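Asker: Structure supplied as work.cif; contents: mmCIF, C-alpha atoms and all ligand atoms.
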```cif
data_model
#
loop_
_atom_site.label_atom_id
_atom_site.label_comp_id
_atom_site.auth_asym_id
_atom_site.auth_seq_id
_atom_site.Cartn_x
_atom_site.Cartn_y
_atom_site.Cartn_z
CA MET M 22 12.16 44.78 33.91
CA LYS M 23 10.83 43.82 30.54
CA LYS M 24 13.97 41.77 29.90
CA ILE M 25 13.60 39.85 33.16
CA THR M 26 9.96 39.03 32.42
CA LEU M 27 10.82 37.66 29.01
CA SER M 28 13.60 35.42 30.23
CA TYR M 29 11.38 34.25 33.08
CA LEU M 30 8.71 33.31 30.56
CA ALA M 31 11.30 31.61 28.38
CA ALA M 32 12.51 29.62 31.37
CA ILE M 33 8.97 28.50 32.18
CA THR M 34 8.48 27.48 28.56
CA VAL M 35 11.66 25.41 28.57
CA VAL M 36 10.68 23.69 31.82
CA THR M 37 7.15 23.04 30.58
CA THR M 38 8.41 21.64 27.27
CA ALA M 39 11.00 19.49 28.98
CA CYS M 40 8.45 18.20 31.49
CA SER M 41 5.87 17.34 28.87
CA THR M 42 8.52 15.46 26.87
CA VAL M 43 9.57 13.43 29.87
CA SER M 44 6.27 12.83 31.62
CA GLU M 45 3.95 12.17 28.66
CA PRO M 46 5.02 9.07 26.74
CA GLN M 47 3.90 9.02 23.13
CA GLU M 48 0.49 7.43 22.87
CA LYS M 49 0.70 4.06 21.16
CA THR M 50 -0.99 3.61 17.81
CA LEU M 51 -1.94 0.51 15.83
CA LYS M 52 1.36 0.22 14.00
CA ASP M 53 3.18 0.05 17.37
CA LEU M 54 1.19 -3.07 18.21
CA PHE M 55 2.63 -4.95 15.26
CA PRO M 56 6.33 -4.07 15.07
CA ASP M 57 7.29 -7.20 13.11
CA TYR M 58 5.61 -6.17 9.87
CA THR M 59 4.21 -3.08 8.25
CA LEU M 60 0.55 -2.31 8.81
CA GLY M 61 -1.20 -1.08 5.72
CA ALA M 62 -4.43 0.40 4.49
CA ALA M 63 -5.82 0.49 0.97
CA ILE M 64 -6.76 4.09 0.27
CA ASN M 65 -9.10 5.58 -2.31
CA VAL M 66 -8.54 8.71 -4.38
CA ARG M 67 -10.44 10.99 -1.99
CA GLN M 68 -8.04 9.89 0.71
CA SER M 69 -4.85 10.20 -1.33
CA SER M 70 -5.85 13.65 -2.58
CA GLY M 71 -6.56 14.91 0.95
CA GLU M 72 -10.33 15.37 0.45
CA ASP M 73 -11.22 12.87 3.17
CA GLN M 74 -9.29 14.35 6.05
CA VAL M 75 -11.00 12.25 8.69
CA SER M 76 -9.82 9.02 7.10
CA ASP M 77 -6.42 10.56 6.34
CA SER M 78 -5.85 11.33 9.99
CA ILE M 79 -6.55 7.68 10.82
CA VAL M 80 -4.21 6.47 8.09
CA LEU M 81 -1.38 8.78 9.13
CA ARG M 82 -1.72 7.98 12.79
CA HIS M 83 -2.19 4.23 12.72
CA PHE M 84 -0.64 2.84 9.53
CA ASN M 85 2.83 2.84 7.98
CA SER M 86 2.03 1.38 4.57
CA ILE M 87 -0.48 2.22 1.82
CA VAL M 88 -1.75 0.54 -1.33
CA PRO M 89 -4.10 2.15 -3.86
CA GLU M 90 -7.63 0.78 -3.96
CA ASP M 91 -8.15 1.48 -7.67
CA CYS M 92 -6.06 4.25 -9.23
CA MET M 93 -3.20 2.04 -10.42
CA LYS M 94 -5.39 -0.57 -12.06
CA HIS M 95 -4.95 -0.87 -15.81
CA GLU M 96 -8.24 0.77 -16.84
CA ASN M 97 -7.47 3.79 -14.64
CA ILE M 98 -3.79 4.34 -15.28
CA HIS M 99 -3.66 3.28 -18.96
CA PRO M 100 -7.09 4.08 -20.44
CA GLY M 101 -5.98 4.35 -24.07
CA LYS M 102 -3.25 2.56 -26.01
CA ASP M 103 -1.13 5.71 -26.19
CA GLN M 104 -2.64 7.38 -23.17
CA TYR M 105 -1.55 7.07 -19.57
CA TYR M 106 -3.44 8.88 -16.82
CA TRP M 107 -1.08 9.67 -13.98
CA ASP M 108 -2.87 12.30 -11.87
CA GLU M 109 -4.42 10.02 -9.25
CA ALA M 110 -1.55 7.54 -9.09
CA ASP M 111 0.98 10.37 -8.71
CA LYS M 112 -1.05 11.84 -5.83
CA PHE M 113 -1.27 8.44 -4.19
CA VAL M 114 2.49 7.86 -4.37
CA GLN M 115 3.24 11.41 -3.20
CA PHE M 116 0.90 10.98 -0.23
CA GLY M 117 3.00 8.01 0.88
CA VAL M 118 6.36 9.63 0.17
CA ASP M 119 5.44 12.90 1.91
CA ASN M 120 4.37 11.00 5.00
CA GLY M 121 7.29 8.58 5.12
CA MET M 122 5.12 5.55 4.48
CA GLN M 123 5.84 2.33 2.65
CA VAL M 124 4.12 2.56 -0.75
CA ILE M 125 2.88 -0.61 -2.46
CA GLY M 126 1.78 -0.83 -6.10
CA HIS M 127 -1.38 -2.74 -7.09
CA CYS M 128 -1.58 -4.28 -9.66
CA LEU M 129 0.24 -4.77 -12.99
CA VAL M 130 -1.50 -7.79 -14.55
CA TRP M 131 -5.04 -8.91 -13.67
CA HIS M 132 -8.02 -10.38 -15.53
CA SER M 133 -10.31 -7.60 -14.27
CA GLN M 134 -10.48 -3.79 -14.55
CA GLN M 135 -8.41 -3.77 -17.75
CA ALA M 136 -9.02 -1.05 -20.31
CA PRO M 137 -11.03 -2.57 -23.21
CA TRP M 138 -8.39 -1.67 -25.84
CA LEU M 139 -5.84 -4.01 -24.27
CA PHE M 140 -6.95 -7.23 -25.95
CA VAL M 141 -8.05 -5.73 -29.28
CA GLY M 142 -5.49 -5.56 -32.08
CA ASP M 143 -5.14 -2.63 -34.47
CA ASP M 144 -7.18 -4.68 -37.01
CA GLY M 145 -10.13 -4.90 -34.60
CA GLN M 146 -9.53 -8.63 -34.00
CA GLN M 147 -8.20 -10.21 -30.83
CA VAL M 148 -4.64 -9.05 -30.27
CA THR M 149 -1.86 -11.45 -31.32
CA ALA M 150 0.46 -13.05 -28.77
CA ASP M 151 3.45 -10.99 -29.90
CA GLU M 152 1.50 -7.75 -29.73
CA LEU M 153 0.08 -8.59 -26.29
CA LYS M 154 3.59 -9.32 -24.99
CA ALA M 155 4.74 -5.96 -26.32
CA ARG M 156 1.77 -4.20 -24.70
CA MET M 157 2.40 -5.93 -21.39
CA LYS M 158 6.06 -4.96 -21.49
CA ASP M 159 5.24 -1.34 -22.33
CA HIS M 160 2.67 -1.12 -19.53
CA ILE M 161 4.84 -2.70 -16.86
CA THR M 162 8.02 -0.87 -17.86
CA THR M 163 6.33 2.54 -18.06
CA VAL M 164 4.41 2.27 -14.80
CA VAL M 165 7.19 0.67 -12.74
CA THR M 166 9.83 3.10 -14.06
CA ARG M 167 7.73 6.14 -13.20
CA TYR M 168 7.65 5.23 -9.51
CA LYS M 169 11.12 3.68 -9.24
CA GLY M 170 12.64 4.34 -5.84
CA LYS M 171 9.29 5.37 -4.35
CA ILE M 172 7.41 2.07 -4.41
CA THR M 173 8.68 -0.83 -2.29
CA GLY M 174 6.94 -3.63 -4.16
CA TRP M 175 4.23 -4.41 -6.71
CA ASP M 176 1.51 -6.99 -6.94
CA VAL M 177 2.80 -8.12 -10.32
CA VAL M 178 0.10 -10.67 -11.08
CA ASN M 179 -3.27 -10.78 -9.35
CA GLU M 180 -5.68 -13.75 -9.21
CA ALA M 181 -4.34 -16.04 -11.93
CA ILE M 182 -4.95 -19.43 -10.26
CA VAL M 183 -8.43 -20.86 -9.66
CA GLU M 184 -9.77 -23.20 -6.96
CA ASP M 185 -8.66 -26.46 -8.59
CA GLY M 186 -5.11 -25.16 -9.00
CA SER M 187 -5.33 -24.60 -12.74
CA TYR M 188 -4.82 -21.29 -14.50
CA ARG M 189 -7.75 -18.88 -14.72
CA ASN M 190 -9.02 -18.91 -18.29
CA SER M 191 -8.41 -15.18 -18.70
CA LEU M 192 -7.53 -13.50 -21.97
CA TRP M 193 -3.96 -13.27 -20.71
CA TYR M 194 -3.91 -17.06 -20.42
CA GLN M 195 -5.83 -17.72 -23.63
CA ILE M 196 -3.48 -15.58 -25.70
CA LEU M 197 -0.10 -16.08 -24.00
CA GLY M 198 -0.54 -19.36 -22.10
CA GLU M 199 1.08 -19.80 -18.69
CA GLU M 200 4.07 -17.87 -19.98
CA PHE M 201 2.32 -14.60 -19.18
CA ILE M 202 3.18 -14.85 -15.49
CA PRO M 203 6.98 -15.31 -15.70
CA LEU M 204 7.03 -12.65 -18.43
CA ALA M 205 5.26 -10.15 -16.16
CA PHE M 206 7.72 -10.84 -13.33
CA GLN M 207 10.65 -10.57 -15.73
CA TYR M 208 9.50 -7.21 -17.15
CA ALA M 209 8.89 -5.78 -13.67
CA HIS M 210 12.33 -6.88 -12.50
CA GLU M 211 14.02 -5.46 -15.58
CA ALA M 212 12.28 -2.12 -15.02
CA ASP M 213 13.46 -1.89 -11.40
CA PRO M 214 15.84 -4.57 -10.08
CA ASP M 215 15.42 -3.30 -6.50
CA LEU M 216 11.66 -3.74 -6.50
CA GLU M 217 9.95 -6.44 -4.45
CA LEU M 218 7.66 -8.59 -6.57
CA TYR M 219 4.52 -10.32 -5.33
CA TYR M 220 1.93 -12.82 -6.55
CA ASN M 221 -1.46 -11.99 -5.01
CA ASP M 222 -4.72 -14.01 -4.86
CA TYR M 223 -7.93 -14.59 -2.92
CA GLY M 224 -9.28 -17.83 -1.40
CA MET M 225 -5.74 -18.92 -0.63
CA ASN M 226 -6.99 -21.40 1.98
CA VAL M 227 -8.50 -23.58 -0.80
CA PRO M 228 -6.21 -26.65 -1.11
CA GLY M 229 -6.33 -26.74 -4.93
CA ARG M 230 -5.34 -23.10 -5.26
CA ARG M 231 -2.63 -23.61 -2.62
CA GLU M 232 -1.10 -26.36 -4.75
CA GLY M 233 -1.40 -24.28 -7.89
CA VAL M 234 0.32 -21.31 -6.26
CA VAL M 235 3.10 -23.56 -4.94
CA ARG M 236 3.62 -24.87 -8.48
CA LEU M 237 3.72 -21.29 -9.72
CA ILE M 238 6.35 -20.24 -7.17
CA ARG M 239 8.50 -23.21 -8.19
CA GLN M 240 8.09 -22.40 -11.86
CA LEU M 241 9.06 -18.76 -11.31
CA LYS M 242 12.11 -19.76 -9.30
CA GLU M 243 13.18 -22.37 -11.85
CA ARG M 244 12.98 -19.69 -14.51
CA GLY M 245 15.22 -17.45 -12.38
CA CYS M 246 12.45 -14.91 -11.75
CA ARG M 247 12.44 -12.85 -8.59
CA ILE M 248 9.44 -13.39 -6.30
CA ASP M 249 9.61 -11.97 -2.79
CA ALA M 250 6.23 -12.80 -1.34
CA VAL M 251 2.84 -14.32 -1.88
CA GLY M 252 -0.08 -12.09 -0.99
CA LEU M 253 -3.06 -13.78 0.66
CA GLN M 254 -5.83 -11.25 0.08
CA SER M 255 -7.78 -12.45 3.13
CA HIS M 256 -11.29 -11.25 2.29
CA MET M 257 -12.91 -13.20 5.09
CA GLY M 258 -16.39 -13.90 6.44
CA MET M 259 -18.02 -15.26 9.58
CA ASN M 260 -17.53 -18.84 8.43
CA ARG M 261 -14.50 -18.62 6.18
CA PRO M 262 -11.68 -19.24 5.77
CA ASP M 263 -11.21 -22.55 7.49
CA TRP M 264 -8.29 -21.63 9.77
CA ASP M 265 -6.47 -24.96 9.40
CA ASP M 266 -6.51 -24.66 5.63
CA PHE M 267 -5.47 -21.02 5.86
CA GLU M 268 -2.49 -21.93 8.02
CA ALA M 269 -1.58 -24.86 5.79
CA SER M 270 -1.30 -22.44 2.87
CA ILE M 271 0.87 -20.02 4.84
CA GLN M 272 3.16 -22.91 5.76
CA ALA M 273 3.25 -24.20 2.18
CA TYR M 274 4.30 -20.81 0.74
CA ILE M 275 6.92 -20.22 3.43
CA ALA M 276 8.31 -23.71 2.74
CA GLU M 277 8.92 -22.58 -0.86
CA GLY M 278 11.25 -19.86 0.46
CA VAL M 279 9.01 -16.81 -0.02
CA ASP M 280 7.51 -14.48 2.53
CA VAL M 281 3.77 -14.04 2.97
CA GLN M 282 1.65 -10.93 3.34
CA PHE M 283 -2.02 -10.41 4.07
CA THR M 284 -2.89 -7.85 1.48
CA GLU M 285 -6.62 -7.10 1.42
CA VAL M 286 -7.84 -7.94 4.89
CA ASP M 287 -11.52 -7.54 5.70
CA MET M 288 -14.16 -9.75 7.30
CA SER M 289 -17.78 -9.45 6.28
CA ALA M 290 -20.24 -9.69 9.18
CA LEU M 291 -23.15 -10.33 6.80
CA PRO M 292 -24.73 -13.55 5.53
CA SER M 293 -22.38 -14.97 2.98
CA VAL M 294 -23.52 -15.70 -0.57
CA THR M 295 -20.20 -16.46 -2.22
CA GLN M 296 -17.04 -18.20 -1.08
CA GLY M 297 -14.51 -16.30 -3.15
CA ALA M 298 -13.74 -12.67 -3.99
CA ASN M 299 -14.11 -12.67 -7.75
CA ILE M 300 -15.65 -9.27 -8.36
CA ALA M 301 -17.69 -10.66 -11.27
CA ASP M 302 -19.73 -12.89 -8.90
CA THR M 303 -22.65 -10.69 -7.81
CA GLU M 304 -26.12 -11.34 -6.35
CA GLU M 305 -29.49 -9.57 -6.34
CA TYR M 306 -30.35 -7.48 -3.26
CA ARG M 307 -32.73 -9.12 -0.78
CA GLU M 308 -33.76 -7.57 2.55
CA SER M 309 -32.99 -10.84 4.35
CA LEU M 310 -29.36 -10.55 3.25
CA ASN M 311 -28.98 -7.06 4.74
CA PRO M 312 -29.97 -7.74 8.36
CA TYR M 313 -27.94 -5.09 10.26
CA LYS M 314 -28.91 -1.86 8.52
CA ASP M 315 -28.82 0.23 11.70
CA ALA M 316 -26.22 -1.46 13.86
CA LEU M 317 -24.35 -4.70 14.33
CA PRO M 318 -25.92 -6.75 17.15
CA ASP M 319 -23.60 -7.29 20.11
CA SER M 320 -23.58 -11.05 19.68
CA VAL M 321 -22.36 -10.73 16.08
CA SER M 322 -19.84 -8.06 17.04
CA VAL M 323 -18.37 -10.31 19.74
CA GLU M 324 -18.04 -13.15 17.26
CA TRP M 325 -16.51 -10.86 14.62
CA ASN M 326 -13.93 -9.53 17.08
CA ALA M 327 -13.06 -13.05 18.18
CA ARG M 328 -12.50 -14.12 14.57
CA MET M 329 -10.29 -11.11 13.82
CA THR M 330 -8.32 -11.86 17.00
CA LYS M 331 -7.83 -15.41 15.74
CA PHE M 332 -6.67 -14.05 12.36
CA PHE M 333 -3.97 -11.93 14.05
CA GLU M 334 -2.93 -14.86 16.25
CA ILE M 335 -2.26 -16.88 13.12
CA VAL M 336 -0.40 -13.99 11.47
CA ASP M 337 1.73 -13.54 14.58
CA LYS M 338 2.62 -17.21 14.65
CA TYR M 339 4.41 -16.74 11.32
CA LYS M 340 5.63 -13.19 11.95
CA ASP M 341 9.24 -13.96 10.99
CA HIS M 342 7.98 -14.52 7.44
CA VAL M 343 5.25 -11.89 7.32
CA LYS M 344 6.12 -8.71 5.45
CA ARG M 345 2.86 -6.78 5.75
CA VAL M 346 -0.77 -6.88 6.88
CA THR M 347 -3.01 -4.48 4.95
CA ALA M 348 -6.68 -3.70 5.53
CA TRP M 349 -8.73 -3.25 2.35
CA GLY M 350 -10.06 0.16 3.32
CA VAL M 351 -9.92 2.48 6.32
CA THR M 352 -13.39 2.54 7.93
CA ASP M 353 -16.55 0.46 7.45
CA ARG M 354 -18.00 3.47 5.65
CA ASP M 355 -15.84 3.07 2.60
CA SER M 356 -15.46 -0.70 2.32
CA TRP M 357 -16.21 -2.29 -1.08
CA LYS M 358 -18.10 -4.98 0.84
CA ASN M 359 -21.08 -2.61 1.29
CA ASP M 360 -21.66 -3.11 -2.44
CA TRP M 361 -20.25 -6.55 -3.15
CA PRO M 362 -21.41 -9.21 -3.83
CA ILE M 363 -24.75 -7.44 -3.27
CA LYS M 364 -25.20 -3.73 -3.87
CA GLY M 365 -26.50 -1.52 -1.06
CA ARG M 366 -25.85 -3.56 2.09
CA THR M 367 -24.43 -2.25 5.37
CA ASP M 368 -21.35 -4.26 6.29
CA TYR M 369 -18.94 -4.05 9.21
CA CYS M 370 -15.75 -5.59 7.94
CA LEU M 371 -12.82 -3.27 8.70
CA TRP M 372 -10.82 -2.28 11.81
CA PHE M 373 -12.44 1.15 12.20
CA ASP M 374 -16.23 1.57 12.38
CA ARG M 375 -18.45 4.18 10.72
CA ASN M 376 -17.75 6.60 13.57
CA ASN M 377 -13.99 6.23 13.06
CA GLN M 378 -13.64 4.23 16.27
CA LEU M 379 -11.32 1.24 16.54
CA LYS M 380 -13.07 -2.10 16.80
CA PRO M 381 -12.95 -3.55 20.34
CA PHE M 382 -10.36 -6.28 19.69
CA LEU M 383 -7.78 -3.67 18.66
CA GLN M 384 -8.84 -0.99 21.15
CA GLU M 385 -8.33 -3.52 23.95
CA LYS M 386 -4.86 -4.34 22.65
CA LEU M 387 -4.02 -0.63 22.51
CA ASP M 388 -5.32 -0.03 26.01
CA GLN M 389 -3.19 -2.88 27.31
CA ALA M 390 -0.12 -1.51 25.53
CA LYS M 391 -0.40 1.94 27.19
C1 LIG Q 401 -9.73 -7.87 -5.52
C2 LIG Q 401 -8.65 -6.94 -6.03
C3 LIG Q 401 -8.68 -5.61 -5.35
C4 LIG Q 401 -10.10 -5.08 -5.22
C5 LIG Q 401 -10.95 -6.09 -4.55
C6 LIG Q 401 -12.35 -5.58 -4.42
O1 LIG Q 401 -9.45 -8.46 -4.34
O2 LIG Q 401 -7.36 -7.46 -5.88
O3 LIG Q 401 -7.96 -4.70 -6.10
O4 LIG Q 401 -10.62 -4.79 -6.48
O5 LIG Q 401 -10.96 -7.24 -5.36
O6 LIG Q 401 -12.42 -4.26 -4.11
#
```
Produce structure tokens that represent the structure in this file.

Answerer:
Amino acid sequence: MKKITLSYLAAITVVTTACSTVSEPQEKTLKDLFPDYTLGAAINVRQSSGEDQVSDSIVLRHFNSIVPEDCMKHENIHPGKDQYYWDEADKFVQFGVDNGMQVIGHCLVWHSQQAPWLFVGDDGQQVTADELKARMKDHITTVVTRYKGKITGWDVVNEAIVEDGSYRNSLWYQILGEEFIPLAFQYAHEADPDLELYYNDYGMNVPGRREGVVRLIRQLKERGCRIDAVGLQSHMGMNRPDWDDFEASIQAYIAEGVDVQFTEVDMSALPSVTQGANIADTEEYRESLNPYKDALPDSVSVEWNARMTKFFEIVDKYKDHVKRVTAWGVTDRDSWKNDWPIKGRTDYCLWFDRNNQLKPFLQEKLDQAK
């Protein structure tokens, strides 16, 4: 009797399991909506270490690519000349590997968030060109080698071209001249020949910067350097970028034979006080510049959703050349835009709101895809 009951139960279980497999199609998630490229999120250390489980569940469900918000930047990963700090970066990479996600490295050479020792020689004076080259090579080789085979591609150089197309007058440029960019690409390639290599910048719609980046791509190619894609950061606002200029830049980069990716996507809903995304450009807090402390008015939300829809329409137009679209953060709660360029504002710039709900333009797409 007992035996019969058990097999009966087993039979019911099999039928139930089989039925639920057949009758309940997997619910679609964001990444299913964009099958032509990977969909990424920049994650912070609380997320990569599993402390922010709410955001983690969003990341794991909806995204298939991650990039670290801060933990791989020079000042974090290489705080002293002979001191690397791997804990956070290792956790970040492991989070991606364990969950079968594409892992992107950010960033090897940048004018910002560098550890102070980097440009100071052992004699206390500004470092010499030869020594800086050696330090750059050590940094790139060590970091890239550590994550070889786990990271798909690195932002090798970040934000080196300014609005008029000339080189940013960073210490990298002052000490090494324009040579610092091909050198960085060369060192990264030597450390891992399979790695994808990217140049990444903000304000890519600006015609002068577009021309400067095109010149840079040509220069890298002439030198025989590998460059797979140009990253358009895409920190947007309610009145920028100009879409025609944005598209013209996408077309210009693709015409040079590289792919494009949208690497730091967000769109501030607040009054704009700066056109770029240079983190050194900050402003004093004023109440008038923080108008939506409690909630985003419907009229602004509708406009924001329409602009994000337009952004994805443009991306989709070039999807054969788009590698990745990455949001710079998971929910509005943790976006850097709440504190930049003005500290202490309430912004609404990402795809998930403060209650972890998808913004309407994406929720509607998901509902339609069901
Ligand atoms: C730039 C950098 C990013 C990040 C943002 C602001 O766009 O590339 O790493 O620092 O600024 O958070």

Asker: Skipping near chain neighbours, those fewer than 6 positions away, what residues fall within 9 Å of M:Phe206 using only C-alpha atoms, listed as a list of chain:residue names?

Answerer: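 Contacts, in chain order: M:Val177, M:Val178, M:Leu218, M:Tyr219, M:Leu241, M:Cys246, M:Arg247, M:Ile248.
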
Asker: Looking at only C-alpha atoms and all ligand atoms, which of M:Val227, M:Ala316, M:Ile182, M:Ala63 is the one that sits closest to ligand LIG 401 (chain Q)?

Answerer: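 For ligand LIG 401 (chain Q), the nearest of the candidates is M:Ala63.
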
Asker: Sorted by chain and rising residue number, list the residues of chain M at most 9 Å from ligand LIG 401 (chain Q) (counting all atoms listed in the file), each with its closest atom pair and distance in Å to one decimal, as a Markdown table.

Answerer:
```
| residue | atom | partner | partner_atom | distance |
| --- | --- | --- | --- | --- |
| M:Pro89 | CA | Q:LIG401 | O3 | 8.2 |
| M:Glu90 | CA | Q:LIG401 | O3 | 5.9 |
| M:Asp91 | CA | Q:LIG401 | O3 | 6.4 |
| M:Lys94 | CA | Q:LIG401 | O3 | 7.7 |
| M:His127 | CA | Q:LIG401 | O3 | 6.9 |
| M:Cys128 | CA | Q:LIG401 | O3 | 7.3 |
| M:Trp131 | CA | Q:LIG401 | O2 | 8.3 |
| M:Ser133 | CA | Q:LIG401 | O4 | 8.3 |
| M:Gln134 | CA | Q:LIG401 | O4 | 8.1 |
| M:Asp176 | CA | Q:LIG401 | O2 | 8.9 |
| M:Asn179 | CA | Q:LIG401 | O2 | 6.3 |
| M:Glu180 | CA | Q:LIG401 | O2 | 7.3 |
| M:Asn221 | CA | Q:LIG401 | O2 | 7.5 |
| M:Asp222 | CA | Q:LIG401 | O2 | 7.1 |
| M:Tyr223 | CA | Q:LIG401 | O1 | 6.5 |
| M:Gln254 | CA | Q:LIG401 | O1 | 6.4 |
| M:Ser255 | CA | Q:LIG401 | O1 | 8.6 |
| M:His256 | CA | Q:LIG401 | O1 | 7.4 |
| M:Thr284 | CA | Q:LIG401 | O2 | 8.6 |
| M:Glu285 | CA | Q:LIG401 | O1 | 6.6 |
| M:Ala298 | CA | Q:LIG401 | O1 | 6.0 |
| M:Asn299 | CA | Q:LIG401 | O5 | 6.7 |
| M:Ile300 | CA | Q:LIG401 | O5 | 5.9 |
| M:Trp349 | CA | Q:LIG401 | O6 | 7.5 |
| M:Gly350 | CA | Q:LIG401 | O6 | 9.0 |
| M:Ser356 | CA | Q:LIG401 | O6 | 8.0 |
| M:Trp357 | CA | Q:LIG401 | O6 | 5.2 |
| M:Lys358 | CA | Q:LIG401 | O6 | 7.6 |
| M:Trp361 | CA | Q:LIG401 | C6 | 8.1 |
```

Asker: Could those selected residues go to a file with C-alpha atoms, as a tab-separated table (two decimals), in the coordinates of the input?

Answerer:
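Result file follows (out10.tsv):
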```tsv
chain	number	residue	atom	x	y	z
M	89	PRO	CA	-4.10	2.15	-3.86
M	90	GLU	CA	-7.63	0.78	-3.96
M	91	ASP	CA	-8.15	1.48	-7.67
M	94	LYS	CA	-5.39	-0.57	-12.06
M	127	HIS	CA	-1.38	-2.74	-7.09
M	128	CYS	CA	-1.58	-4.28	-9.66
M	131	TRP	CA	-5.04	-8.91	-13.67
M	133	SER	CA	-10.31	-7.60	-14.27
M	134	GLN	CA	-10.48	-3.79	-14.55
M	176	ASP	CA	1.51	-6.99	-6.94
M	179	ASN	CA	-3.27	-10.78	-9.35
M	180	GLU	CA	-5.68	-13.75	-9.21
M	221	ASN	CA	-1.46	-11.99	-5.01
M	222	ASP	CA	-4.72	-14.01	-4.86
M	223	TYR	CA	-7.93	-14.59	-2.92
M	254	GLN	CA	-5.83	-11.25	0.08
M	255	SER	CA	-7.78	-12.45	3.13
M	256	HIS	CA	-11.29	-11.25	2.29
M	284	THR	CA	-2.89	-7.85	1.48
M	285	GLU	CA	-6.62	-7.10	1.42
M	298	ALA	CA	-13.74	-12.67	-3.99
M	299	ASN	CA	-14.11	-12.67	-7.75
M	300	ILE	CA	-15.65	-9.27	-8.36
M	349	TRP	CA	-8.73	-3.25	2.35
M	350	GLY	CA	-10.06	0.16	3.32
M	356	SER	CA	-15.46	-0.70	2.32
M	357	TRP	CA	-16.21	-2.29	-1.08
M	358	LYS	CA	-18.10	-4.98	0.84
M	361	TRP	CA	-20.25	-6.55	-3.15
```

Asker: Using all atoms listed in the file, which residue out of M:Ile64, M:Leu237, M:Val346, M:Ala327 lies closest to M:Phe201?

Answerer: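 Smallest distance to M:Phe201 is found for M:Leu237.
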
Asker: Need to verify the contact set: M:Asp280, 8 Å, only C-alpha atoms, exclusion of same-chain residues closer than 6 positions in sequence. Can you return it as a PDB file with C-alpha atoms, keeping the file's coordinate frame?

Answerer:
```
ATOM      1  CA  ASP M 249       9.610 -11.970  -2.790  1.00  0.00           C
ATOM      2  CA  ALA M 250       6.230 -12.800  -1.340  1.00  0.00           C
ATOM      3  CA  VAL M 251       2.840 -14.320  -1.880  1.00  0.00           C
ATOM      4  CA  TYR M 274       4.300 -20.810   0.740  1.00  0.00           C
ATOM      5  CA  HIS M 342       7.980 -14.520   7.440  1.00  0.00           C
ATOM      6  CA  VAL M 343       5.250 -11.890   7.320  1.00  0.00           C
ATOM      7  CA  LYS M 344       6.120  -8.710   5.450  1.00  0.00           C
TER       8      LYS M 344
END
```

Asker: If you measure from atom CA of M:Asp388 to atom CA of M:Lys331, what distance in Å do you get, rounded to one decimal?

Answerer: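 Value for the atom CA of M:Asp388-atom CA of M:Lys331 distance: 18.7 Å.
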
Asker: Find the spatial neighbours of M:Asp111, counting only C-alpha atoms, within a cut-off of 12 Å - ignore same-chain residues fewer than 5 positions away - and output them as a PDB file with C-alpha atoms, in the frame of the given file.

Answerer:
```pdb
ATOM      1  CA  VAL M  66      -8.540   8.710  -4.380  1.00  0.00           C
ATOM      2  CA  SER M  69      -4.850  10.200  -1.330  1.00  0.00           C
ATOM      3  CA  SER M  70      -5.850  13.650  -2.580  1.00  0.00           C
ATOM      4  CA  PRO M  89      -4.100   2.150  -3.860  1.00  0.00           C
ATOM      5  CA  CYS M  92      -6.060   4.250  -9.230  1.00  0.00           C
ATOM      6  CA  MET M  93      -3.200   2.040 -10.420  1.00  0.00           C
ATOM      7  CA  ILE M  98      -3.790   4.340 -15.280  1.00  0.00           C
ATOM      8  CA  TYR M 105      -1.550   7.070 -19.570  1.00  0.00           C
ATOM      9  CA  TYR M 106      -3.440   8.880 -16.820  1.00  0.00           C
ATOM     10  CA  PHE M 116       0.900  10.980  -0.230  1.00  0.00           C
ATOM     11  CA  GLY M 117       3.000   8.010   0.880  1.00  0.00           C
ATOM     12  CA  VAL M 118       6.360   9.630   0.170  1.00  0.00           C
ATOM     13  CA  ASP M 119       5.440  12.900   1.910  1.00  0.00           C
ATOM     14  CA  VAL M 124       4.120   2.560  -0.750  1.00  0.00           C
ATOM     15  CA  GLY M 126       1.780  -0.830  -6.100  1.00  0.00           C
ATOM     16  CA  VAL M 164       4.410   2.270 -14.800  1.00  0.00           C
ATOM     17  CA  ARG M 167       7.730   6.140 -13.200  1.00  0.00           C
ATOM     18  CA  TYR M 168       7.650   5.230  -9.510  1.00  0.00           C
ATOM     19  CA  LYS M 171       9.290   5.370  -4.350  1.00  0.00           C
ATOM     20  CA  ILE M 172       7.410   2.070  -4.410  1.00  0.00           C
TER      21      ILE M 172
END
```

Asker: Measuring between all atoms listed in the file, which one of M:Tyr58, M:Tyr194, M:Phe113, M:Tyr306 shows the shortest distance to M:Tyr339?

Answerer: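 Result for the nearest residue to M:Tyr339: M:Tyr58.
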
Asker: Atom CA of M:Asn311 and atom CA of M:Asp77 are how many Å apart?

Answerer: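 Atom CA of M:Asp77 lies 28.7 Å from atom CA of M:Asn311.
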